[in-house]
Amino acid sequence: MPTAQTIASLAADLAAGRTTSLELTEAAFDRIADPAGEGARAFILADIAVNRAAALAQAEASDRLRTAGIVPSPLAGLPISVKDLFDIAGQVTTAGSAVLKDATPAIADAPVVARLRAAGAVIVGRTNMTEFAFSGLGVNPHYGTPGNPRDRDRIPGGSSSGAAVSVADGMAVAAIGSDTGGSVRIPAAFCGLAGFKPTQARVPRTGALPLSRTLDTVGPLARSVACCALLDAVLAGESPAVPDAAPVAGLRLAVPREIVLDGLDATVAAAFTEALSRLSRAGARITDLSVPALARIPAVNAKGGFVTSEALAWHKDLIEARGADYDPRVASRILRGSQMSAVDYIGLLEARDAIMAEAAEQTRDFDALLMPTVPVVAPRFDELADDADYTRLNMMVLRNPSLFNFLDRPSVTLPCASGGLAVGAMLVGRRGHDRRLLALARGVEPVVA
């Protein structure tokens with residue numbers, strides 16, 4: 001399966017008879033099985049033989065339906081990977097953890113998986129991830145960590161690490177991940193892909209193991225914004241369509257002054273500066289904007305925020321019984337939830353409502369916000385050996401994306417390369433205006449790439 005083709009180009013190849021779903025699916029599994037590749041670390045391989053047999057049967061069925069003129073969507077016959085956070089009927093959802101490997105298999109597909117199947121997608125397997133989705137770096141001591149496709153000595157980003165590598169390395173046409181603080185957008189940015197985090201209520205989270213009920217979202221990683229837009233429509237239960245690209249000329253973009261530009265490394269700073277120059281030349285109106293609401297978010301999250309307290313509520317009994325089997329770096333973050341009282345939690349809920357209203361007012365005159373997705377390039381594995389460095393880098397890569405989970409605003413990361421390493425430019429839209437943001441991103445994407 002060619003690694004650089006989009007959903008649209010492959011759908012056209014299928015329609016023209018230049019390839020078949022069976023050929024694409026066999027090629028995907030060949031890449032997964034390649035001992036010189038990252039398949040053994042990008043996928044949870046316990047069910048891979050079962051997945052291969054089921055996927056090849058789905059592909060053959062898709063080809064027969066196409067011959068009969070039945071093509072349920074542009075996804076029909078295309079290999080798609082699913083993060084090991086979502087239930088697949090008959091399989092154990094381990095969430096990248098050894099603790100759950102002997103859990104009861106799921107009795108039904110998660111709604112997002114069922115919607116992919118209804119659209120004709122071929123599910124090739126479950127992708128590896130940070131244990132319980134609780135880190136932006138993608139490191140997994142239980143199942144290994146896939147290397148970054150741009151430099152195998154660097155991390156892929158997380159928590160949807162295997163999802164990003166599965167797409168970048170041609171083991172899937174696109175992937176489904178989750179995003180609580182950047183877990184779709186960070187690995188997409190580090191691996192040179194597009195990634196979309198929707199407004200939370202847009203895509204159902206039923207059948208997905210939770211991290212934070214307040215912040216969890218479900219979104220796609222793919223080669224282009226158009227691919228993400230098509231997948232978003234399917235995941236949201238809408239007609240599988242892609243919005244037209246919005247014109248860049250006259251687009252009102254705001255670059256926040258608070259937080260998001262702090263501490264950029266030289267590579268990211270250069271790529272973002274060049275992206276701003278290209279957008280300006282294309283007619284976008286770019287404004288440096290003070291958004292004081294952003295500066296309030298770290299202070300109200302000082303005790304760990306929603307994610308630690310809500311994660312501890314889910315994990316409390318399991319971590320008491322099996323804590324020694326957790327990744328220690330994940331367990332320590334979950335246990336921070338004990339620092340937050342019920343009074344603190346209620347206060348956080350109230351503060352969030354106020355900050356969301358303030359941010360909406362402070363940014364109301366702009367079509368979207370624009371900033372680097374992450375302030376640094378993908379760290380090398382050897383930079384994470386020390387726990388203090390791991391924690392520092394994890395908080396750094398989560399910093400920008402997590403602001404907009406807190407605000408529940410849709411955001412999309414666009415490929416924005418500099419030299420040999422991938423970085424991302426992130427567009428943030430208005431809450432609930434997801435399709436409008438994707439239309440804007442389609443227009444911006446070719447300018448910043």
# chains A, B, ... in the order shown; residues from 1 in each chain; ligands from 1
$ select_by_dssp --residues "range 165-397 of chain A" --states "strand (DSSP E or B)" --output "ChimeraX atom specification"
/A:174-179,194-197,208,217-222,252-256,285-289,368-372,380
$ write_last_selection --atoms "N, CA, C and O atoms" --output "CSV table (one decimal), in the first residue's frame"
chain,number,residue,atom,x,y,z
A,174,ALA,N,-5.6,5.5,7.7
A,174,ALA,CA,-5.9,6.5,8.7
A,174,ALA,C,-6.1,5.7,10.0
A,174,ALA,O,-6.2,4.5,10.1
A,175,ALA,N,-6.2,6.5,11.1
A,175,ALA,CA,-6.3,5.9,12.4
A,175,ALA,C,-7.3,6.7,13.3
A,175,ALA,O,-7.5,7.9,13.1
A,176,ILE,N,-7.9,5.9,14.3
A,176,ILE,CA,-8.7,6.6,15.2
A,176,ILE,C,-8.0,6.6,16.6
A,176,ILE,O,-7.5,5.6,17.0
A,177,GLY,N,-8.0,7.8,17.2
A,177,GLY,CA,-7.3,7.9,18.5
A,177,GLY,C,-8.2,8.6,19.5
A,177,GLY,O,-9.4,8.9,19.2
A,178,SER,N,-7.7,8.9,20.6
A,178,SER,CA,-8.4,9.7,21.6
A,178,SER,C,-7.5,10.9,22.0
A,178,SER,O,-6.3,10.8,21.8
A,179,ASP,N,-8.2,11.9,22.5
A,179,ASP,CA,-7.4,13.1,22.8
A,179,ASP,C,-8.0,13.8,24.1
A,179,ASP,O,-9.1,14.3,24.1
A,194,ALA,N,-1.9,15.1,9.8
A,194,ALA,CA,-3.0,15.9,10.3
A,194,ALA,C,-3.7,15.2,11.4
A,194,ALA,O,-3.8,13.9,11.4
A,195,GLY,N,-4.2,15.9,12.4
A,195,GLY,CA,-5.0,15.3,13.5
A,195,GLY,C,-6.0,16.2,14.0
A,195,GLY,O,-5.8,17.4,14.1
A,196,PHE,N,-7.2,15.7,14.3
A,196,PHE,CA,-8.3,16.5,14.7
A,196,PHE,C,-8.9,16.2,16.0
A,196,PHE,O,-9.3,15.0,16.3
A,197,LYS,N,-9.1,17.1,16.9
A,197,LYS,CA,-9.8,17.0,18.2
A,197,LYS,C,-11.1,17.7,18.1
A,197,LYS,O,-11.1,18.9,17.9
A,208,ALA,N,-15.3,3.3,25.1
A,208,ALA,CA,-13.9,3.7,25.2
A,208,ALA,C,-13.5,3.7,26.6
A,208,ALA,O,-14.2,4.3,27.5
A,217,THR,N,-11.9,13.2,24.3
A,217,THR,CA,-12.5,13.3,23.0
A,217,THR,C,-12.0,12.2,22.1
A,217,THR,O,-11.0,11.5,22.4
A,218,VAL,N,-12.7,12.0,21.0
A,218,VAL,CA,-12.3,10.9,20.0
A,218,VAL,C,-12.1,11.6,18.6
A,218,VAL,O,-13.0,12.4,18.2
A,219,GLY,N,-10.9,11.3,18.0
A,219,GLY,CA,-10.7,12.0,16.8
A,219,GLY,C,-9.7,11.2,15.9
A,219,GLY,O,-9.1,10.2,16.3
A,220,PRO,N,-9.6,11.6,14.6
A,220,PRO,CA,-8.8,10.9,13.6
A,220,PRO,C,-7.4,11.5,13.4
A,220,PRO,O,-7.1,12.6,13.7
A,221,LEU,N,-6.5,10.6,13.0
A,221,LEU,CA,-5.2,11.0,12.5
A,221,LEU,C,-5.1,10.5,11.1
A,221,LEU,O,-5.4,9.3,10.8
A,222,ALA,N,-4.6,11.3,10.2
A,222,ALA,CA,-4.5,10.9,8.7
A,222,ALA,C,-3.5,11.8,8.0
A,222,ALA,O,-2.9,12.7,8.6
A,252,ARG,N,-9.3,35.8,9.3
A,252,ARG,CA,-8.9,36.5,10.5
A,252,ARG,C,-8.3,35.5,11.5
A,252,ARG,O,-9.1,34.7,12.1
A,253,LEU,N,-7.0,35.5,11.7
A,253,LEU,CA,-6.3,34.5,12.5
A,253,LEU,C,-5.7,35.3,13.7
A,253,LEU,O,-5.0,36.3,13.4
A,254,ALA,N,-5.8,34.8,14.9
A,254,ALA,CA,-5.2,35.4,16.1
A,254,ALA,C,-4.1,34.5,16.6
A,254,ALA,O,-4.4,33.3,16.8
A,255,VAL,N,-3.0,35.0,16.9
A,255,VAL,CA,-1.9,34.3,17.6
A,255,VAL,C,-1.9,34.7,19.1
A,255,VAL,O,-1.5,35.9,19.4
A,256,PRO,N,-2.3,33.9,20.0
A,256,PRO,CA,-2.3,34.3,21.4
A,256,PRO,C,-1.0,34.7,21.9
A,256,PRO,O,0.1,34.0,21.6
A,285,ARG,N,-5.2,37.7,7.5
A,285,ARG,CA,-5.0,38.9,8.4
A,285,ARG,C,-4.7,38.3,9.8
A,285,ARG,O,-5.5,37.7,10.5
A,286,ILE,N,-3.4,38.4,10.2
A,286,ILE,CA,-2.9,37.8,11.4
A,286,ILE,C,-2.6,38.8,12.5
A,286,ILE,O,-2.0,39.8,12.2
A,287,THR,N,-3.2,38.6,13.6
A,287,THR,CA,-3.1,39.5,14.7
A,287,THR,C,-2.5,38.9,16.0
A,287,THR,O,-2.9,37.7,16.3
A,288,ASP,N,-1.6,39.5,16.6
A,288,ASP,CA,-1.2,39.1,18.0
A,288,ASP,C,-2.3,39.5,18.9
A,288,ASP,O,-2.6,40.7,19.0
A,289,LEU,N,-2.8,38.6,19.7
A,289,LEU,CA,-3.9,38.8,20.5
A,289,LEU,C,-3.7,38.4,22.0
A,289,LEU,O,-3.2,37.3,22.2
A,368,ALA,N,-10.3,31.9,13.7
A,368,ALA,CA,-9.6,30.9,14.4
A,368,ALA,C,-8.3,31.4,15.1
A,368,ALA,O,-7.8,32.5,14.8
A,369,LEU,N,-7.9,30.6,16.1
A,369,LEU,CA,-6.6,30.9,16.7
A,369,LEU,C,-5.5,30.0,16.0
A,369,LEU,O,-5.8,28.9,15.6
A,370,LEU,N,-4.3,30.5,16.0
A,370,LEU,CA,-3.2,29.8,15.4
A,370,LEU,C,-2.0,29.8,16.3
A,370,LEU,O,-1.6,30.8,16.9
A,371,MET,N,-1.3,28.7,16.4
A,371,MET,CA,-0.1,28.5,17.3
A,371,MET,C,0.6,27.3,16.9
A,371,MET,O,0.1,26.4,16.2
A,372,PRO,N,1.8,27.1,17.4
A,372,PRO,CA,2.5,25.8,17.3
A,372,PRO,C,1.7,24.7,18.0
A,372,PRO,O,1.2,25.0,19.1
A,380,ARG,N,14.3,12.8,21.8
A,380,ARG,CA,15.0,11.5,21.7
A,380,ARG,C,14.6,10.6,22.8
A,380,ARG,O,14.4,11.1,24.0
$ residues_around --residues "Lys303 in chain A" --least-positions-apart "3" --cutoff "10 Å" --atoms "only C-alpha atoms" --output "MDAnalysis selection string"
chainID A and resid 298:300 306 308:309 336:341 344:345 348
$ atom_distance --atom1 "CA of Pro204 in chain A" --atom2 "CA of Ser9 in chain A"
28.3 Å
$ residues_around --residues "Asn148 in chain A" --least-positions-apart "3" --cutoff "8 Å" --atoms "only C-alpha atoms" --output "MDAnalysis selection string"
chainID A and resid 151:156 165 190:191
$ write_last_selection --atoms "C-alpha atoms" --output "short mmCIF file (atom, residue, chain, number, x, y, z; two decimals), in the first residue's frame"
data_model
loop_
_atom_site.label_atom_id
_atom_site.label_comp_id
_atom_site.auth_asym_id
_atom_site.auth_seq_id
_atom_site.Cartn_x
_atom_site.Cartn_y
_atom_site.Cartn_z
CA ASP A 151 13.93 9.60 13.16
CA ARG A 152 13.62 6.22 14.88
CA ASP A 153 15.71 7.47 17.82
CA ARG A 154 12.91 9.89 18.69
CA ILE A 155 9.52 9.30 20.29
CA PRO A 156 6.37 9.28 18.18
CA VAL A 165 3.03 5.43 13.25
CA PHE A 190 5.54 14.74 15.55
CA CYS A 191 4.88 12.23 12.75
#
$ residues_around --residues "Pro105 in chain A" --least-positions-apart "2" --cutoff "6 Å" --atoms "only C-alpha atoms" --output "list in words"
Gly90, Gln91 and Val92 of chain A
